[in-house]
$ cat query.tsv   # TSV, C-alpha atoms
chain	number	residue	atom	x	y	z
A	1	MET	CA	-15.50	-0.27	13.60
A	2	PRO	CA	-14.73	3.35	14.57
A	3	TYR	CA	-11.24	4.64	13.87
A	4	PHE	CA	-10.46	5.27	17.52
A	5	LYS	CA	-11.30	1.68	18.41
A	6	TYR	CA	-8.51	0.70	16.05
A	7	ILE	CA	-6.12	3.15	17.70
A	8	SER	CA	-6.87	1.62	21.09
A	9	LYS	CA	-5.56	-1.69	19.71
A	10	MET	CA	-2.37	-0.29	18.28
A	11	LYS	CA	0.89	-0.56	20.13
A	12	ILE	CA	2.81	2.59	20.93
A	13	ARG	CA	5.37	1.99	18.19
A	14	ASN	CA	2.57	1.96	15.64
A	15	LEU	CA	1.58	5.51	16.55
A	16	LEU	CA	4.35	6.58	14.19
A	17	ILE	CA	1.94	5.63	11.43
A	18	ILE	CA	-0.64	8.16	12.53
A	19	SER	CA	1.24	11.29	11.45
A	20	ALA	CA	1.38	9.98	7.91
A	21	PHE	CA	-2.10	8.51	8.04
A	22	LEU	CA	-3.75	11.70	9.31
A	23	ALA	CA	-2.46	13.41	6.19
A	24	ASN	CA	-4.42	10.68	4.39
A	25	MET	CA	-7.67	11.13	6.22
A	26	ILE	CA	-11.15	12.21	5.34
A	27	THR	CA	-11.14	15.89	6.18
A	28	VAL	CA	-11.49	18.08	3.12
A	29	SER	CA	-8.97	20.88	2.80
A	30	ALA	CA	-9.48	24.17	1.02
A	31	GLU	CA	-7.84	22.98	-2.19
A	32	ASP	CA	-10.04	19.90	-2.55
A	33	PRO	CA	-12.89	20.05	-5.08
A	34	LYS	CA	-16.56	20.04	-4.10
A	35	THR	CA	-18.27	16.67	-4.10
A	36	LEU	CA	-21.16	16.29	-6.55
A	37	ASP	CA	-24.59	17.04	-5.15
A	38	ILE	CA	-27.34	14.44	-5.20
A	39	GLY	CA	-29.26	14.89	-8.43
A	40	ALA	CA	-26.26	16.22	-10.34
A	41	GLN	CA	-25.55	14.97	-13.84
A	42	ALA	CA	-22.54	12.66	-14.18
A	43	PRO	CA	-19.61	14.68	-15.61
A	44	PRO	CA	-18.11	13.23	-18.80
A	45	PHE	CA	-14.72	11.54	-18.73
A	46	SER	CA	-12.35	9.77	-21.09
A	47	LEU	CA	-9.66	7.70	-19.38
A	48	LYS	CA	-7.46	4.72	-20.11
A	49	GLY	CA	-8.14	1.44	-18.40
A	50	ILE	CA	-5.59	-1.17	-17.40
A	51	ASP	CA	-6.81	-3.30	-20.32
A	52	GLY	CA	-5.61	-0.64	-22.78
A	53	LYS	CA	-9.12	0.50	-23.67
A	54	THR	CA	-10.34	4.08	-23.33
A	55	TYR	CA	-13.49	4.39	-21.22
A	56	THR	CA	-16.01	7.21	-21.36
A	57	LEU	CA	-19.40	7.76	-19.76
A	58	ASN	CA	-20.95	6.45	-22.97
A	59	SER	CA	-19.08	3.16	-22.55
A	60	PHE	CA	-21.73	2.23	-19.99
A	61	ASN	CA	-24.85	3.25	-21.95
A	62	LYS	CA	-26.23	-0.30	-21.82
A	63	ASN	CA	-26.24	-0.28	-18.02
A	64	LYS	CA	-29.41	0.82	-16.23
A	65	ILE	CA	-27.35	1.99	-13.27
A	66	LEU	CA	-23.70	3.02	-13.10
A	67	VAL	CA	-21.53	2.61	-10.00
A	68	ILE	CA	-18.28	4.58	-9.98
A	69	ILE	CA	-15.90	3.79	-7.13
A	70	PHE	CA	-12.79	5.86	-6.50
A	71	THR	CA	-10.18	3.56	-4.97
A	72	ALA	CA	-6.42	3.17	-4.47
A	73	ASN	CA	-3.92	0.33	-4.40
A	74	HIS	CA	-2.00	1.67	-1.41
A	75	CYS	CA	-4.92	2.53	0.86
A	76	PRO	CA	-5.61	-0.05	3.61
A	77	THR	CA	-9.27	0.97	3.79
A	78	ALA	CA	-9.68	0.52	0.04
A	79	GLN	CA	-8.03	-2.89	0.27
A	80	ALA	CA	-10.35	-3.85	3.12
A	81	TYR	CA	-13.31	-3.28	0.79
A	82	GLU	CA	-11.99	-5.01	-2.35
A	83	ASP	CA	-13.74	-8.32	-1.72
A	84	ARG	CA	-17.01	-6.60	-0.80
A	85	ILE	CA	-16.89	-4.59	-4.02
A	86	ASP	CA	-16.38	-7.83	-5.93
A	87	LYS	CA	-19.45	-9.33	-4.23
A	88	LEU	CA	-21.51	-6.27	-5.19
A	89	TYR	CA	-20.39	-6.68	-8.79
A	90	THR	CA	-21.24	-10.39	-8.79
A	91	GLU	CA	-24.71	-9.71	-7.39
A	92	PHE	CA	-25.72	-6.65	-9.38
A	93	ASN	CA	-23.86	-6.69	-12.70
A	94	PRO	CA	-26.14	-9.44	-14.07
A	95	LYS	CA	-29.08	-7.14	-13.22
A	96	GLY	CA	-27.80	-4.39	-15.50
A	97	VAL	CA	-25.62	-2.45	-13.09
A	98	GLY	CA	-22.31	-1.24	-14.49
A	99	PHE	CA	-19.24	-0.87	-12.30
A	100	VAL	CA	-16.03	1.05	-12.87
A	101	LEU	CA	-13.10	1.53	-10.52
A	102	VAL	CA	-11.13	4.77	-10.73
A	103	SER	CA	-7.65	5.41	-9.34
A	104	PRO	CA	-7.55	9.19	-8.77
A	105	ASN	CA	-4.18	9.48	-7.02
A	106	ASN	CA	-1.10	11.12	-8.46
A	107	PRO	CA	1.57	8.43	-7.86
A	108	GLN	CA	4.26	11.01	-7.09
A	109	ALA	CA	2.15	12.31	-4.20
A	110	VAL	CA	2.07	8.94	-2.43
A	111	CYS	CA	4.81	8.84	0.21
A	112	LEU	CA	6.66	5.64	1.07
A	113	GLU	CA	5.71	6.21	4.71
A	114	GLU	CA	2.05	6.06	3.66
A	115	MET	CA	2.50	2.58	2.18
A	116	GLY	CA	2.80	0.59	5.38
A	117	TYR	CA	-0.13	-1.66	4.51
A	118	THR	CA	0.51	-2.39	0.87
A	119	ASP	CA	2.84	-4.11	-1.54
A	120	LEU	CA	1.91	-1.74	-4.38
A	121	GLY	CA	1.75	1.98	-5.07
A	122	ASP	CA	-0.67	3.80	-7.35
A	123	THR	CA	1.12	3.88	-10.71
A	124	PHE	CA	-0.62	2.60	-13.84
A	125	ASP	CA	1.58	-0.51	-13.97
A	126	GLU	CA	0.90	-1.24	-10.31
A	127	MET	CA	-2.83	-0.91	-10.99
A	128	LYS	CA	-2.43	-3.69	-13.56
A	129	GLN	CA	-0.68	-5.84	-10.99
A	130	ARG	CA	-3.32	-5.26	-8.31
A	131	ALA	CA	-6.12	-6.05	-10.75
A	132	ALA	CA	-4.36	-9.28	-11.71
A	133	ASP	CA	-3.78	-10.21	-8.06
A	134	LYS	CA	-7.43	-9.63	-7.13
A	135	LYS	CA	-8.87	-10.79	-10.48
A	136	TYR	CA	-10.89	-7.61	-11.01
A	137	LYS	CA	-13.93	-8.24	-13.20
A	138	MET	CA	-14.74	-4.57	-13.78
A	139	PRO	CA	-12.86	-1.81	-15.61
A	140	TYR	CA	-10.10	-0.11	-13.61
A	141	ILE	CA	-9.20	3.30	-15.03
A	142	TYR	CA	-6.38	5.72	-14.27
A	143	ASP	CA	-6.93	9.41	-13.47
A	144	GLY	CA	-3.65	10.07	-11.67
A	145	ASP	CA	-1.93	12.38	-14.17
A	146	LYS	CA	-4.41	15.18	-14.82
A	147	GLN	CA	-6.95	14.15	-12.14
A	148	GLU	CA	-9.71	15.76	-14.18
A	149	MET	CA	-12.33	13.15	-13.33
A	150	ALA	CA	-11.56	13.36	-9.62
A	151	MET	CA	-11.78	17.15	-9.78
A	152	ALA	CA	-15.18	16.91	-11.49
A	153	TYR	CA	-16.69	14.29	-9.15
A	154	GLY	CA	-15.04	15.38	-5.91
A	155	PRO	CA	-14.30	12.16	-4.03
A	156	THR	CA	-12.89	12.84	-0.57
A	157	THR	CA	-11.50	9.40	0.23
A	158	THR	CA	-10.66	6.01	-1.13
A	159	PRO	CA	-13.01	4.27	-1.37
A	160	HIS	CA	-15.81	6.66	-2.32
A	161	VAL	CA	-18.93	5.42	-4.15
A	162	PHE	CA	-21.02	7.38	-6.68
A	163	ILE	CA	-24.20	5.72	-8.02
A	164	PHE	CA	-26.01	7.15	-11.07
A	165	ASP	CA	-29.44	6.21	-12.38
A	166	SER	CA	-30.46	5.52	-16.00
A	167	GLN	CA	-30.42	9.26	-16.72
A	168	ARG	CA	-26.97	9.41	-15.13
A	169	LYS	CA	-28.14	11.58	-12.28
A	170	LEU	CA	-26.42	11.02	-8.95
A	171	ARG	CA	-28.66	9.05	-6.57
A	172	PHE	CA	-26.17	7.90	-3.95
A	173	CYS	CA	-22.80	9.20	-2.81
A	174	GLY	CA	-20.82	7.78	0.09
A	175	ARG	CA	-19.61	4.64	1.78
A	176	ILE	CA	-20.03	0.95	0.98
A	177	ASP	CA	-20.98	0.14	4.57
A	178	GLU	CA	-20.17	1.34	8.07
A	179	LEU	CA	-17.46	-1.17	8.97
A	180	GLU	CA	-13.91	-1.00	7.68
A	181	ASN	CA	-12.78	-4.20	9.40
A	182	PRO	CA	-13.01	-6.99	6.79
A	183	TYR	CA	-13.11	-9.66	9.50
A	184	GLU	CA	-16.41	-8.48	10.98
A	185	GLN	CA	-19.93	-8.24	9.56
A	186	ALA	CA	-21.35	-4.83	8.68
A	187	LYS	CA	-24.97	-3.99	9.52
A	188	GLU	CA	-25.55	-0.88	7.40
A	189	HIS	CA	-25.10	-1.73	3.71
A	190	ASP	CA	-25.60	1.71	2.18
A	191	THR	CA	-24.33	0.99	-1.33
A	192	ARG	CA	-26.25	-2.27	-1.63
A	193	ASN	CA	-29.42	-0.69	-0.26
A	194	ALA	CA	-29.17	2.11	-2.83
A	195	LEU	CA	-28.79	-0.37	-5.69
A	196	VAL	CA	-31.73	-2.48	-4.55
A	197	ALA	CA	-33.94	0.60	-4.26
A	198	LEU	CA	-32.99	1.93	-7.69
A	199	LEU	CA	-33.58	-1.43	-9.37
A	200	GLU	CA	-37.02	-1.61	-7.71
A	201	GLY	CA	-37.85	1.96	-8.73
A	202	LYS	CA	-37.97	3.14	-5.14
A	203	PRO	CA	-36.30	6.16	-3.49
A	204	VAL	CA	-32.80	5.53	-2.16
A	205	PRO	CA	-33.18	5.20	1.64
A	206	VAL	CA	-29.94	7.02	2.45
A	207	GLU	CA	-28.71	9.23	-0.39
A	208	LYS	CA	-25.46	10.51	1.06
A	209	THR	CA	-23.05	9.46	3.79
A	210	LYS	CA	-19.67	10.50	5.01
A	211	THR	CA	-16.76	8.33	3.94
A	212	PHE	CA	-13.73	7.01	5.79
A	213	GLY	CA	-10.36	6.25	4.26
A	214	CYS	CA	-7.26	7.75	2.70
A	215	SER	CA	-7.54	11.20	1.19
A	216	ILE	CA	-7.07	11.76	-2.51
A	217	LYS	CA	-3.42	12.32	-3.37
A	218	TRP	CA	-3.64	15.51	-5.38
A	219	ALA	CA	-0.56	16.35	-7.43
A	220	ASN	CA	0.33	19.30	-5.19
A	221	LYS	CA	0.88	16.88	-2.29
A	222	ALA	CA	4.04	15.68	-4.03
A	223	GLU	CA	5.86	18.43	-2.13
A	224	TYR	CA	5.15	16.56	1.09
A	225	ARG	CA	6.74	13.45	-0.37
A	226	LYS	CA	9.83	15.48	-1.27
A	227	LYS	CA	10.03	16.67	2.33
A	228	LEU	CA	9.88	13.13	3.69
A	229	ASP	CA	12.51	12.02	1.16
A	230	ALA	CA	14.78	14.83	2.35
A	231	ASP	CA	14.14	13.98	6.00
A	232	TRP	CA	15.15	10.37	5.38
A	233	LYS	CA	18.36	11.41	3.63
A	234	ASN	CA	19.28	13.45	6.69
A	235	LYS	CA	19.04	10.48	9.06
A	236	PRO	CA	22.37	9.24	10.45
A	237	VAL	CA	23.91	6.12	8.92
A	238	GLU	CA	26.17	4.00	11.11
A	239	ILE	CA	27.92	0.62	11.13
A	240	ILE	CA	27.79	-1.92	13.94
A	241	GLU	CA	30.83	-4.20	14.10
A	242	ALA	CA	29.64	-7.77	14.70
A	243	ASP	CA	31.45	-11.01	15.51
A	244	LEU	CA	29.88	-14.44	15.02
A	245	ASP	CA	27.98	-14.34	18.32
A	246	ALA	CA	26.50	-10.96	17.41
A	247	ILE	CA	25.37	-12.30	14.04
A	248	ARG	CA	23.75	-15.29	15.72
A	249	GLU	CA	21.89	-12.84	17.95
A	250	VAL	CA	20.61	-10.97	14.89
A	251	ILE	CA	19.34	-14.18	13.30
A	252	ALA	CA	17.76	-15.36	16.57
A	253	ASN	CA	15.54	-12.24	16.40
A	254	LYS	CA	14.43	-11.87	19.98
A	255	SER	CA	12.52	-8.73	19.00
A	256	ASN	CA	8.76	-8.56	18.42
A	257	LYS	CA	9.26	-7.56	14.78
A	258	TYR	CA	9.59	-9.46	11.55
A	259	ARG	CA	13.19	-8.91	10.50
A	260	LEU	CA	14.19	-8.57	6.85
A	261	ILE	CA	17.88	-9.52	6.72
A	262	ASN	CA	20.10	-8.93	3.70
A	263	VAL	CA	23.64	-10.35	3.55
A	264	TRP	CA	25.70	-8.43	1.00
A	265	ALA	CA	29.05	-6.95	-0.04
A	266	THR	CA	30.17	-3.82	-1.84
A	267	TRP	CA	31.91	-5.89	-4.55
A	268	CYS	CA	28.70	-7.80	-5.32
A	269	GLY	CA	26.94	-6.24	-8.32
A	270	PRO	CA	23.51	-7.78	-7.61
A	271	CYS	CA	23.78	-6.61	-3.99
A	272	VAL	CA	24.33	-3.03	-5.13
A	273	ILE	CA	21.43	-3.21	-7.60
A	274	GLU	CA	18.79	-4.43	-5.16
A	275	TYR	CA	19.83	-2.49	-2.05
A	276	PRO	CA	17.71	0.67	-2.57
A	277	GLU	CA	14.56	-1.47	-2.70
A	278	LEU	CA	15.38	-2.87	0.73
A	279	VAL	CA	15.79	0.61	2.18
A	280	ASN	CA	12.44	1.57	0.65
A	281	MET	CA	10.84	-1.34	2.50
A	282	GLN	CA	12.14	0.02	5.79
A	283	ARG	CA	10.50	3.34	4.99
A	284	MET	CA	7.26	1.63	4.02
A	285	PHE	CA	6.92	-0.86	6.86
A	286	GLY	CA	9.28	0.42	9.56
A	287	ALA	CA	6.54	1.95	11.70
A	288	ARG	CA	4.92	-1.47	12.04
A	289	ASP	CA	6.19	-4.84	13.33
A	290	PHE	CA	9.03	-4.83	10.82
A	291	GLU	CA	12.67	-3.87	10.50
A	292	PHE	CA	15.29	-4.17	7.79
A	293	VAL	CA	18.79	-5.21	8.90
A	294	SER	CA	21.87	-5.42	6.68
A	295	ILE	CA	24.93	-7.61	7.17
A	296	SER	CA	28.03	-6.72	5.18
A	297	THR	CA	30.63	-9.41	4.55
A	298	ASP	CA	33.32	-6.95	3.37
A	299	GLY	CA	35.35	-7.19	6.59
A	300	LEU	CA	36.93	-4.55	8.80
A	301	LYS	CA	39.55	-3.53	6.24
A	302	LYS	CA	36.80	-2.15	4.01
A	303	LYS	CA	34.78	-0.51	6.76
A	304	ASP	CA	35.17	2.96	5.26
A	305	LYS	CA	34.05	1.75	1.84
A	306	VAL	CA	31.06	0.00	3.36
A	307	LEU	CA	30.06	3.12	5.27
A	308	GLU	CA	30.42	5.24	2.13
A	309	PHE	CA	28.09	2.88	0.25
A	310	LEU	CA	25.54	2.79	3.05
A	311	LYS	CA	25.46	6.58	3.28
A	312	ASP	CA	25.01	6.83	-0.48
A	313	LYS	CA	22.01	4.50	-0.22
A	314	ASN	CA	20.62	6.30	2.84
A	315	SER	CA	20.66	3.06	4.81
A	316	ALA	CA	19.48	4.51	8.11
A	317	VAL	CA	18.91	1.05	9.64
A	318	LYS	CA	20.92	-1.40	11.74
A	319	ASN	CA	23.91	-2.05	9.47
A	320	TYR	CA	26.15	-4.87	10.71
A	321	LEU	CA	29.72	-5.48	9.50
A	322	TYR	CA	30.92	-9.04	10.04
A	323	THR	CA	34.41	-8.69	11.48
A	324	SER	CA	36.01	-12.06	10.73
A	325	GLU	CA	37.77	-12.87	7.47
A	326	ASN	CA	36.51	-16.47	7.67
A	327	LYS	CA	33.08	-16.45	6.04
A	328	TYR	CA	32.22	-20.13	6.46
A	329	PRO	CA	31.10	-19.92	10.10
A	330	LEU	CA	28.96	-16.94	9.03
A	331	ILE	CA	27.20	-19.07	6.41
A	332	GLU	CA	26.25	-21.65	9.02
A	333	ALA	CA	25.18	-18.98	11.51
A	334	VAL	CA	22.93	-17.19	9.04
A	335	ASP	CA	21.14	-20.20	7.55
A	336	LYS	CA	22.30	-23.80	7.22
A	337	ASN	CA	20.44	-23.96	3.89
A	338	TRP	CA	22.38	-21.03	2.45
A	339	SER	CA	25.02	-21.95	-0.13
A	340	GLY	CA	27.11	-18.87	0.64
A	341	SER	CA	26.57	-16.89	-2.58
A	342	LEU	CA	25.56	-13.24	-2.39
A	343	PRO	CA	23.18	-11.56	-2.00
A	344	TYR	CA	21.12	-13.57	0.45
A	345	THR	CA	17.82	-12.25	1.80
A	346	MET	CA	15.62	-13.64	4.57
A	347	ILE	CA	12.57	-12.71	6.58
A	348	VAL	CA	12.91	-13.96	10.14
A	349	ALA	CA	9.88	-14.05	12.41
A	350	PRO	CA	10.08	-13.05	16.08
A	351	GLY	CA	11.75	-15.99	17.79
A	352	GLY	CA	14.07	-16.83	14.90
A	353	LYS	CA	11.98	-18.86	12.44
A	354	ILE	CA	12.97	-18.17	8.82
A	355	VAL	CA	9.72	-17.63	6.90
A	356	TYR	CA	11.28	-16.52	3.60
A	357	ALA	CA	14.70	-16.97	2.05
A	358	HIS	CA	16.08	-16.07	-1.37
A	359	ASN	CA	19.52	-16.37	-2.95
A	360	GLY	CA	20.35	-13.81	-5.64
A	361	VAL	CA	18.69	-10.57	-6.68
A	362	ILE	CA	15.27	-10.22	-5.10
A	363	ASP	CA	12.01	-9.51	-6.84
A	364	ALA	CA	11.02	-6.52	-4.70
A	365	LEU	CA	7.31	-7.07	-5.25
A	366	GLU	CA	7.64	-10.69	-4.18
A	367	VAL	CA	9.38	-9.65	-0.97
A	368	ARG	CA	6.77	-6.97	-0.24
A	369	LYS	CA	4.04	-9.57	-0.70
A	370	GLU	CA	5.82	-11.82	1.77
A	371	VAL	CA	6.00	-8.93	4.24
A	372	MET	CA	2.25	-8.38	3.83
A	373	LYS	CA	1.66	-12.05	4.67
A	374	CYS	CA	3.63	-11.52	7.87
A	375	ILE	CA	2.31	-8.19	9.14
A	376	GLY	CA	-1.03	-7.91	7.31
A	377	ARG	CA	-2.54	-5.28	5.04
A	378	PHE	CA	-5.43	-4.08	7.25
A	379	PHE	CA	-5.55	-2.01	10.45
A	380	ALA	CA	-7.36	-4.95	12.00
A	381	ASP	CA	-4.15	-6.98	11.63
A	382	ASP	CA	-2.29	-4.81	14.15
$ encode --input "query.tsv" --output "structure tokens"
Amino acid sequence: MPYFKYISKMKIRNLLIISAFLANMITVSAEDPKTLDIGAQAPPFSLKGIDGKTYTLNSFNKNKILVIIFTANHCPTAQAYEDRIDKLYTEFNPKGVGFVLVSPNNPQAVCLEEMGYTDLGDTFDEMKQRAADKKYKMPYIYDGDKQEMAMAYGPTTTPHVFIFDSQRKLRFCGRIDELENPYEQAKEHDTRNALVALLEGKPVPVEKTKTFGCSIKWANKAEYRKKLDADWKNKPVEIIEADLDAIREVIANKSNKYRLINVWATWCGPCVIEYPELVNMQRMFGARDFEFVSISTDGLKKKDKVLEFLKDKNSAVKNYLYTSENKYPLIEAVDKNWSGSLPYTMIVAPGGKIVYAHNGVIDALEVRKEVMKCIGRFFADD
């Protein structure tokens, strides 16, 4: 499905994503390396995989054909192709085709605002988690520090497929198929067609295609992340005084967004520990059907202290301060199943249904996964 067909589906609020996403797109800038030409010899590499092993080009000598796919945890397009890549592996690996996934992105160059469709970034540890979640059967190697392999091969997007023959000469370079949307059936299976042709000793029908997806996050793009971090820190932080009726209104969630609600206090150590992760989620998902809302139980006498804390944590969201000293009506208003201990975190769907609730310090990854279940990890979910 063409990109602009997706845009036509998106609501106006989601257009905030585009500024970040366009920085992710397929156009090649002057600093990007040249993509390998068809017929070029595969450049050597030596990189660590998530299994702790070091992989080189020679690690795949037993394979008649080698498929190298540059991919990324955070990229919605790459995620949309994960299951199709697994099917290709299942079909062709028994026929002597080797597969290796490569993460080329420098993790420090991935902005939080570019992570609106993911629960994971592109660090080595997060690669391990994604591989475990998706049960990857093929090696997944990390090139994010020096990016030497990416510089040598020249991928322009994630995903980007490179297929080499038995002599390790490039025979196909490009897309998996023409349709990003994982809920629809593609008609042009370029990667599969190339593999079938090579196994049959025939010419590859289409040797090179353009690719669609997130751009490679070269290390020098970390400056853009620093700019966005600074911009967020400059956002105003305010407190909204709220009585019991106002709190009930927050929980009722008459908005069209999934609402992550955290009930906390400045004197609560676990609350203080987990709070930055909640703010990060607002930055990640806030341009979609999502918002983070905080409710402080400190009371009006500590308003200044609450505001000081919120400013320190850059909590540029709707921050409510419960005004009554009697906390027991608050407990009932928030969630009848809540015991009253802090912190307490919920995800409330539009209309007020609680779809996730947790007492105590959150597991940030667990919460992000729950958010993904609510708002989806593909453009087609919007």
$ residues_around --input "query.tsv" --residues "Val110 in chain A" --least-positions-apart "3" --cutoff "12 Å" --atoms "all atoms listed in the file" --output "compact mmCIF listing (two decimals) with C-alpha atoms, in the coordinates of the input"
# COMPACT_ATOMS: atom_id res chain seq x y z
CA ALA A 20 1.38 9.98 7.91
CA PHE A 21 -2.10 8.51 8.04
CA ALA A 23 -2.46 13.41 6.19
CA ASN A 24 -4.42 10.68 4.39
CA ALA A 72 -6.42 3.17 -4.47
CA ASN A 73 -3.92 0.33 -4.40
CA HIS A 74 -2.00 1.67 -1.41
CA CYS A 75 -4.92 2.53 0.86
CA PRO A 104 -7.55 9.19 -8.77
CA ASN A 105 -4.18 9.48 -7.02
CA ASN A 106 -1.10 11.12 -8.46
CA PRO A 107 1.57 8.43 -7.86
CA GLU A 113 5.71 6.21 4.71
CA GLU A 114 2.05 6.06 3.66
CA MET A 115 2.50 2.58 2.18
CA GLY A 116 2.80 0.59 5.38
CA THR A 118 0.51 -2.39 0.87
CA LEU A 120 1.91 -1.74 -4.38
CA GLY A 121 1.75 1.98 -5.07
CA ASP A 122 -0.67 3.80 -7.35
CA THR A 123 1.12 3.88 -10.71
CA GLY A 144 -3.65 10.07 -11.67
CA CYS A 214 -7.26 7.75 2.70
CA SER A 215 -7.54 11.20 1.19
CA ILE A 216 -7.07 11.76 -2.51
CA LYS A 217 -3.42 12.32 -3.37
CA TRP A 218 -3.64 15.51 -5.38
CA ALA A 219 -0.56 16.35 -7.43
CA ASN A 220 0.33 19.30 -5.19
CA LYS A 221 0.88 16.88 -2.29
CA ALA A 222 4.04 15.68 -4.03
CA GLU A 223 5.86 18.43 -2.13
CA TYR A 224 5.15 16.56 1.09
CA ARG A 225 6.74 13.45 -0.37
CA LYS A 226 9.83 15.48 -1.27
CA LEU A 228 9.88 13.13 3.69
CA ASP A 229 12.51 12.02 1.16
CA MET A 284 7.26 1.63 4.02
$ atom_distance --input "query.tsv" --atom1 "CA of Ser296 in chain A" --atom2 "CA of Ile362 in chain A"
16.8 Å
$ residues_around --input "query.tsv" --residues "range 168-185 of chain A" --least-positions-apart "6" --cutoff "8 Å" --atoms "only C-alpha atoms" --output "VMD selection string"
chain A and resid 1 to 2 36 to 42 65 to 66 77 80 to 81 159 to 162 191 to 192 194 204 206 to 212 378 to 380
$ write_last_selection --input "query.tsv" --atoms "C-alpha atoms" --output "tab-separated table (two decimals), in the coordinates of the input"
chain	number	residue	atom	x	y	z
A	1	MET	CA	-15.50	-0.27	13.60
A	2	PRO	CA	-14.73	3.35	14.57
A	36	LEU	CA	-21.16	16.29	-6.55
A	37	ASP	CA	-24.59	17.04	-5.15
A	38	ILE	CA	-27.34	14.44	-5.20
A	39	GLY	CA	-29.26	14.89	-8.43
A	40	ALA	CA	-26.26	16.22	-10.34
A	41	GLN	CA	-25.55	14.97	-13.84
A	42	ALA	CA	-22.54	12.66	-14.18
A	65	ILE	CA	-27.35	1.99	-13.27
A	66	LEU	CA	-23.70	3.02	-13.10
A	77	THR	CA	-9.27	0.97	3.79
A	80	ALA	CA	-10.35	-3.85	3.12
A	81	TYR	CA	-13.31	-3.28	0.79
A	159	PRO	CA	-13.01	4.27	-1.37
A	160	HIS	CA	-15.81	6.66	-2.32
A	161	VAL	CA	-18.93	5.42	-4.15
A	162	PHE	CA	-21.02	7.38	-6.68
A	191	THR	CA	-24.33	0.99	-1.33
A	192	ARG	CA	-26.25	-2.27	-1.63
A	194	ALA	CA	-29.17	2.11	-2.83
A	204	VAL	CA	-32.80	5.53	-2.16
A	206	VAL	CA	-29.94	7.02	2.45
A	207	GLU	CA	-28.71	9.23	-0.39
A	208	LYS	CA	-25.46	10.51	1.06
A	209	THR	CA	-23.05	9.46	3.79
A	210	LYS	CA	-19.67	10.50	5.01
A	211	THR	CA	-16.76	8.33	3.94
A	212	PHE	CA	-13.73	7.01	5.79
A	378	PHE	CA	-5.43	-4.08	7.25
A	379	PHE	CA	-5.55	-2.01	10.45
A	380	ALA	CA	-7.36	-4.95	12.00
$ closest_residue --input "query.tsv" --among "A:Asp335, A:Asp32, A:Asp304, A:Asp289" --to "Ala152 in chain A" --atoms "only C-alpha atoms"
A:Asp32
$ closest_residue --input "query.tsv" --among "A:Ala287, A:Leu88, A:Cys374, A:Leu342" --to "His189 in chain A" --atoms "all atoms listed in the file"
A:Leu88
$ residues_around --input "query.tsv" --residues "Ile331 in chain A" --least-positions-apart "3" --cutoff "12 Å" --atoms "only C-alpha atoms" --output "list of chain:residue names"
A:Leu244, A:Ile247, A:Arg248, A:Ile251, A:Val263, A:Ile295, A:Thr297, A:Tyr322, A:Asn326, A:Lys327, A:Tyr328, A:Val334, A:Asp335, A:Lys336, A:Asn337, A:Trp338, A:Ser339, A:Gly340, A:Ser341, A:Leu342, A:Pro343, A:Tyr344
$ atom_distance --input "query.tsv" --atom1 "CA of Ala316 in chain A" --atom2 "CA of Gln282 in chain A"
8.9 Å
$ closest_residue --input "query.tsv" --among "A:Val293, A:Met149, A:Ala131, A:Ile239" --to "Thr323 in chain A" --atoms "only C-alpha atoms"
A:Ile239
$ closest_residue --input "query.tsv" --among "A:Lys301, A:Lys62, A:Arg288, A:Arg130" --to "Ser166 in chain A" --atoms "all atoms listed in the file"
A:Lys62
$ axis_aligned_box --input "query.tsv" --around "range 307-320 of chain A" --padding-each-side "8 Å" --output "AutoDock Vina command-line options"
--center_x 24.7 --center_y 1.0 --center_z 5.6 --size_x 27.5 --size_y 27.7 --size_z 28.2
$ atom_distance --input "query.tsv" --atom1 "CA of Leu57 in chain A" --atom2 "CA of Asp190 in chain A"
23.6 Å
$ closest_residue --input "query.tsv" --among "A:Ala186, A:Phe285, A:Leu199, A:Val361" --to "Pro270 in chain A" --atoms "only C-alpha atoms"
A:Val361
$ residues_near_point --input "query.tsv" --point "(28.2, -6.0, -7.4)" --cutoff "12 Å" --atoms "all atoms listed in the file" --output "list of chain:residue names"
A:Trp264, A:Ala265, A:Thr266, A:Trp267, A:Cys268, A:Gly269, A:Pro270, A:Cys271, A:Val272, A:Ile273, A:Glu274, A:Tyr275, A:Asp298, A:Phe309, A:Leu342, A:Pro343, A:Gly360, A:Val361
$ residues_around --input "query.tsv" --residues "Asp133 in chain A" --least-positions-apart "2" --cutoff "12 Å" --atoms "all atoms listed in the file" --output "list in words"
Asn73, Gln79, Glu82, Asp83, Asp119, Leu120, Glu126, Met127, Lys128, Gln129, Arg130, Ala131, Lys135, Tyr136, Lys137, Leu365 and Lys369 of chain A
$ write_last_selection --input "query.tsv" --atoms "C-alpha atoms" --output "short mmCIF file (atom, residue, chain, number, x, y, z; two decimals), keeping the file's coordinate frame"
data_model
loop_
_atom_site.label_atom_id
_atom_site.label_comp_id
_atom_site.auth_asym_id
_atom_site.auth_seq_id
_atom_site.Cartn_x
_atom_site.Cartn_y
_atom_site.Cartn_z
CA ASN A 73 -3.92 0.33 -4.40
CA GLN A 79 -8.03 -2.89 0.27
CA GLU A 82 -11.99 -5.01 -2.35
CA ASP A 83 -13.74 -8.32 -1.72
CA ASP A 119 2.84 -4.11 -1.54
CA LEU A 120 1.91 -1.74 -4.38
CA GLU A 126 0.90 -1.24 -10.31
CA MET A 127 -2.83 -0.91 -10.99
CA LYS A 128 -2.43 -3.69 -13.56
CA GLN A 129 -0.68 -5.84 -10.99
CA ARG A 130 -3.32 -5.26 -8.31
CA ALA A 131 -6.12 -6.05 -10.75
CA LYS A 135 -8.87 -10.79 -10.48
CA TYR A 136 -10.89 -7.61 -11.01
CA LYS A 137 -13.93 -8.24 -13.20
CA LEU A 365 7.31 -7.07 -5.25
CA LYS A 369 4.04 -9.57 -0.70
#
